[in-house]
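Trainee: One structure follows; several queries about it will come next.
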Amino acid sequence: MDFEDAVRSAMLGLVAGDALGVPVEFMSREELERDPVIGMRSQGTHRQPSGTWSDDSSMALCLLESLTEKGVDYGDMMARFLRWADEGYMTARGEVFDMGIATRRALTRFTHGTSPSECGGSGEYDNGNGSLMRILPMALYLHRTMGPDFPQRPEAYPIIHNASALTHAHPVSLISCGIYCAAANELLCGRTGIWDGIKTAKSYYHSQTEFKPYQGIFKRIDGGVLPSLHKSEIRSSGYVVHTLEASLWCMEQNHSFRSCLLEAVNLGEDTDTVGALAGGLAGLRYGWSEIPSDWLAVIAKRERIERLCAMFSAKVCVEAK
């Protein structure tokens, strides 16, 4: 898969997973076992037409657009996030119907003149998944501009962390974003496995004094541990580590894009974000042609998403030369 196809696969995978999960967000696993998601639904939790994506995709697309037009410019990223929140920019249907508390607080700080790098909450309770859900474009950008070995380069991690810290600045959120980007990079390199990249990222964090105290929180994110866990041991809440574990677990339990995403959303709770994170990785593993055509057919503003992916690919390919 060439880079443009990889970008399209990743972003359409993310958006498809998000849209698949929107109608059942906050439903319990038990409820979904009785009435499982088997395809795109309409109405549901947020009373939206089928194919409607949420804040996960909106913020990821804003980041992708910012990287396309400005490169790494944290002020520009925040300005686009604010435009999304205030104007419904880069939304599926011109409406913001879901926004995390930490993200709302960060954007409020930004409007009051706080520097972008200081906007994100850094407390223990600021570890929702609101930065993890949108970090995938940064992995795409670093893979192309810094090289396919970027998880081995210490200078890559502060860039990922700064993008997270716009809304979520606690070390647990920063580490989660770094691990996810390293996993995505393995798939961008054409490998089917993700654990070598994750091992590289965890090695980096182990070597950094400020991140060492949090290593135990990520002990289950290991190729010898996470894939063998039973479904009952996987949480799918909005806590960033739960979301990361759930998305990686779904990748390891399934062998097709469709089955991976259905597994993800039927875990319940934060269905759109687990779906989006699993979908981004599954898109990279299986390619955009494996995203079910009936899902793609209803995704809101699909053509606009594909155009943005093509623009991003062209821009960063030139930048990388």
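Naming works like this for the structure tokens: A, B, ... for the chains as they're shown, residue 1 at the start of each chain, ligands 1 onward in shown order.
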For range 225-297 of chain A against range 177-182 of chain A, with a cut-off of 12 Å and counting only C-alpha atoms, what is the closest atom pair and its distance in Å to one decimal for every residue that makes the cut, ordered by chain and number, as a tab-separated table?

Mentor:
residue	atom	partner	partner_atom	distance
A:Val240	CA	A:Cys177	CA	9.1
A:Val241	CA	A:Cys177	CA	10.0
A:Thr243	CA	A:Tyr180	CA	10.8
A:Leu244	CA	A:Tyr180	CA	7.4
A:Glu245	CA	A:Tyr180	CA	9.9
A:Ala246	CA	A:Tyr180	CA	11.9
A:Ser247	CA	A:Tyr180	CA	9.6
A:Leu248	CA	A:Tyr180	CA	8.7
A:Leu277	CA	A:Tyr180	CA	8.7
A:Ala278	CA	A:Tyr180	CA	10.3
A:Gly280	CA	A:Tyr180	CA	10.3
A:Leu281	CA	A:Tyr180	CA	9.0

Trainee: Between A:Leu107, A:Val22, A:Ile305, A:Val172, which residue has the minimum interatomic distance to Met40 in chain A, considering only C-alpha atoms?

Mentor: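 Checking each candidate against Met40 in chain A, we get A:Val22 as the closest.
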
Trainee: What is the CA of Gly268 in chain A-CA of Ser28 in chain A distance in Å, reported with one decimal?

Mentor: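 Going from CA of Gly268 in chain A over to CA of Ser28 in chain A, I get 4.9 Å.
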
Trainee: Counting only C-alpha atoms, figure out which residue out of A:Val72, A:Met146, A:Leu188, A:Leu20 gets nearest to Pro36 in chain A.

Mentor: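 Checking each candidate against Pro36 in chain A, we get A:Leu20 as the closest.
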
Trainee: Leaving out Cys309 in chain A and any residue of its chain fewer than 3 positions from it, which residues lie within 6 Å of it when counting only C-alpha atoms, given as a PyMOL selection string?

Mentor: chain A and resi 8+306+312

Trainee: Please report, as JSON lines, each residue of range 194-302 of chain A lying at most 12 Å from range 154-168 of chain A, together with the nearest pair of atoms and the separation in Å rounded to one decimal; use only C-alpha atoms, and order rows by chain and ascending residue number.

Mentor:
{"residue": "A:Thr200", "atom": "CA", "partner": "A:Pro154", "partner_atom": "CA", "distance": 10.6}
{"residue": "A:Ala201", "atom": "CA", "partner": "A:Tyr157", "partner_atom": "CA", "distance": 8.8}
{"residue": "A:Lys202", "atom": "CA", "partner": "A:Tyr157", "partner_atom": "CA", "distance": 11.4}
{"residue": "A:Ser203", "atom": "CA", "partner": "A:Pro154", "partner_atom": "CA", "distance": 10.7}
{"residue": "A:Tyr204", "atom": "CA", "partner": "A:Pro154", "partner_atom": "CA", "distance": 7.3}
{"residue": "A:Tyr205", "atom": "CA", "partner": "A:Tyr157", "partner_atom": "CA", "distance": 9.4}
{"residue": "A:Ser207", "atom": "CA", "partner": "A:Pro154", "partner_atom": "CA", "distance": 10.2}
{"residue": "A:Gln208", "atom": "CA", "partner": "A:Pro154", "partner_atom": "CA", "distance": 10.0}
{"residue": "A:Phe211", "atom": "CA", "partner": "A:His161", "partner_atom": "CA", "distance": 11.9}
{"residue": "A:Tyr239", "atom": "CA", "partner": "A:His168", "partner_atom": "CA", "distance": 11.8}
{"residue": "A:Val240", "atom": "CA", "partner": "A:His168", "partner_atom": "CA", "distance": 10.1}

Trainee: Going by DSSP on the backbone, which bits of range 155-235 of chain A are alpha helix (DSSP H)? Write them as a PyMOL selection string, please.

Mentor: chain A and resi 156-165+171-188+195-207

Trainee: Write out as a list in words each polymer residue whose atoms come within 9 Å of Glu30 in chain A, counting only C-alpha atoms; drop sequence neighbours fewer than 3 positions from it.

Mentor: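 Contacts, with the query itself left out: Met27, Glu33, Arg34, Asp35, Leu267 and Gly268 of chain A.
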
Trainee: Would you mind exporting all heavy atoms of the selected residues as an mmCIF file, in the first residue's frame?

Mentor:
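Once written, again.cif looks like this:
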data_model
loop_
_atom_site.group_PDB
_atom_site.id
_atom_site.type_symbol
_atom_site.label_atom_id
_atom_site.label_comp_id
_atom_site.auth_asym_id
_atom_site.auth_seq_id
_atom_site.Cartn_x
_atom_site.Cartn_y
_atom_site.Cartn_z
ATOM 1 N N MET A 27 -24.035 2.626 25.825
ATOM 2 C CA MET A 27 -24.768 1.391 26.094
ATOM 3 C C MET A 27 -23.837 0.392 26.756
ATOM 4 O O MET A 27 -22.635 0.374 26.511
ATOM 5 C CB MET A 27 -25.357 0.811 24.807
ATOM 6 C CG MET A 27 -26.517 1.610 24.257
ATOM 7 S SD MET A 27 -27.218 0.893 22.730
ATOM 8 C CE MET A 27 -27.900 -0.651 23.344
ATOM 9 N N GLU A 33 -24.987 -7.215 23.936
ATOM 10 C CA GLU A 33 -25.033 -8.663 23.730
ATOM 11 C C GLU A 33 -26.441 -9.100 23.345
ATOM 12 O O GLU A 33 -26.618 -10.039 22.566
ATOM 13 C CB GLU A 33 -24.566 -9.388 24.996
ATOM 14 C CG GLU A 33 -23.050 -9.331 25.191
ATOM 15 C CD GLU A 33 -22.604 -9.875 26.535
ATOM 16 O OE1 GLU A 33 -23.491 -10.170 27.383
ATOM 17 O OE2 GLU A 33 -21.385 -9.988 26.744
ATOM 18 N N ARG A 34 -27.439 -8.391 23.881
ATOM 19 C CA ARG A 34 -28.831 -8.713 23.531
ATOM 20 C C ARG A 34 -29.219 -8.167 22.163
ATOM 21 O O ARG A 34 -30.068 -8.745 21.475
ATOM 22 C CB ARG A 34 -29.771 -8.153 24.605
ATOM 23 C CG ARG A 34 -29.645 -8.819 25.962
ATOM 24 C CD ARG A 34 -30.789 -8.427 26.880
ATOM 25 N NE ARG A 34 -30.748 -7.015 27.246
ATOM 26 C CZ ARG A 34 -30.094 -6.542 28.305
ATOM 27 N NH1 ARG A 34 -29.418 -7.369 29.102
ATOM 28 N NH2 ARG A 34 -30.122 -5.247 28.583
ATOM 29 N N ASP A 35 -28.608 -7.066 21.765
ATOM 30 C CA ASP A 35 -28.931 -6.428 20.479
ATOM 31 C C ASP A 35 -27.635 -5.914 19.847
ATOM 32 O O ASP A 35 -27.390 -4.712 19.801
ATOM 33 C CB ASP A 35 -29.917 -5.284 20.700
ATOM 34 C CG ASP A 35 -30.339 -4.610 19.407
ATOM 35 O OD1 ASP A 35 -30.203 -5.240 18.332
ATOM 36 O OD2 ASP A 35 -30.780 -3.438 19.464
ATOM 37 N N LEU A 267 -18.234 -3.914 22.561
ATOM 38 C CA LEU A 267 -17.722 -3.915 23.931
ATOM 39 C C LEU A 267 -18.529 -2.969 24.813
ATOM 40 O O LEU A 267 -18.510 -3.071 26.032
ATOM 41 C CB LEU A 267 -16.249 -3.498 23.960
ATOM 42 C CG LEU A 267 -15.233 -4.490 23.398
ATOM 43 C CD1 LEU A 267 -13.842 -3.866 23.380
ATOM 44 C CD2 LEU A 267 -15.220 -5.789 24.207
ATOM 45 N N GLY A 268 -19.217 -2.003 24.193
ATOM 46 C CA GLY A 268 -20.041 -1.075 24.949
ATOM 47 C C GLY A 268 -19.262 0.095 25.517
ATOM 48 O O GLY A 268 -18.082 0.281 25.257
#

Trainee: Please determine, counting only C-alpha atoms, which residue among A:Met11, A:Ile198, A:Leu262, A:Leu226 has the shortest atom-to-atom distance to Gln152 in chain A.

Mentor: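 Counting only C-alpha atoms, the residue closest to Gln152 in chain A is A:Ile198.
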
Trainee: Choose the residue, out of A:Ala60, A:Ala16, A:Ala282, A:Leu140, that has the smallest atom-to-atom separation from Gly39 in chain A; count only C-alpha atoms.

Mentor: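 Among the listed residues, the smallest separation from Gly39 in chain A belongs to A:Ala16.
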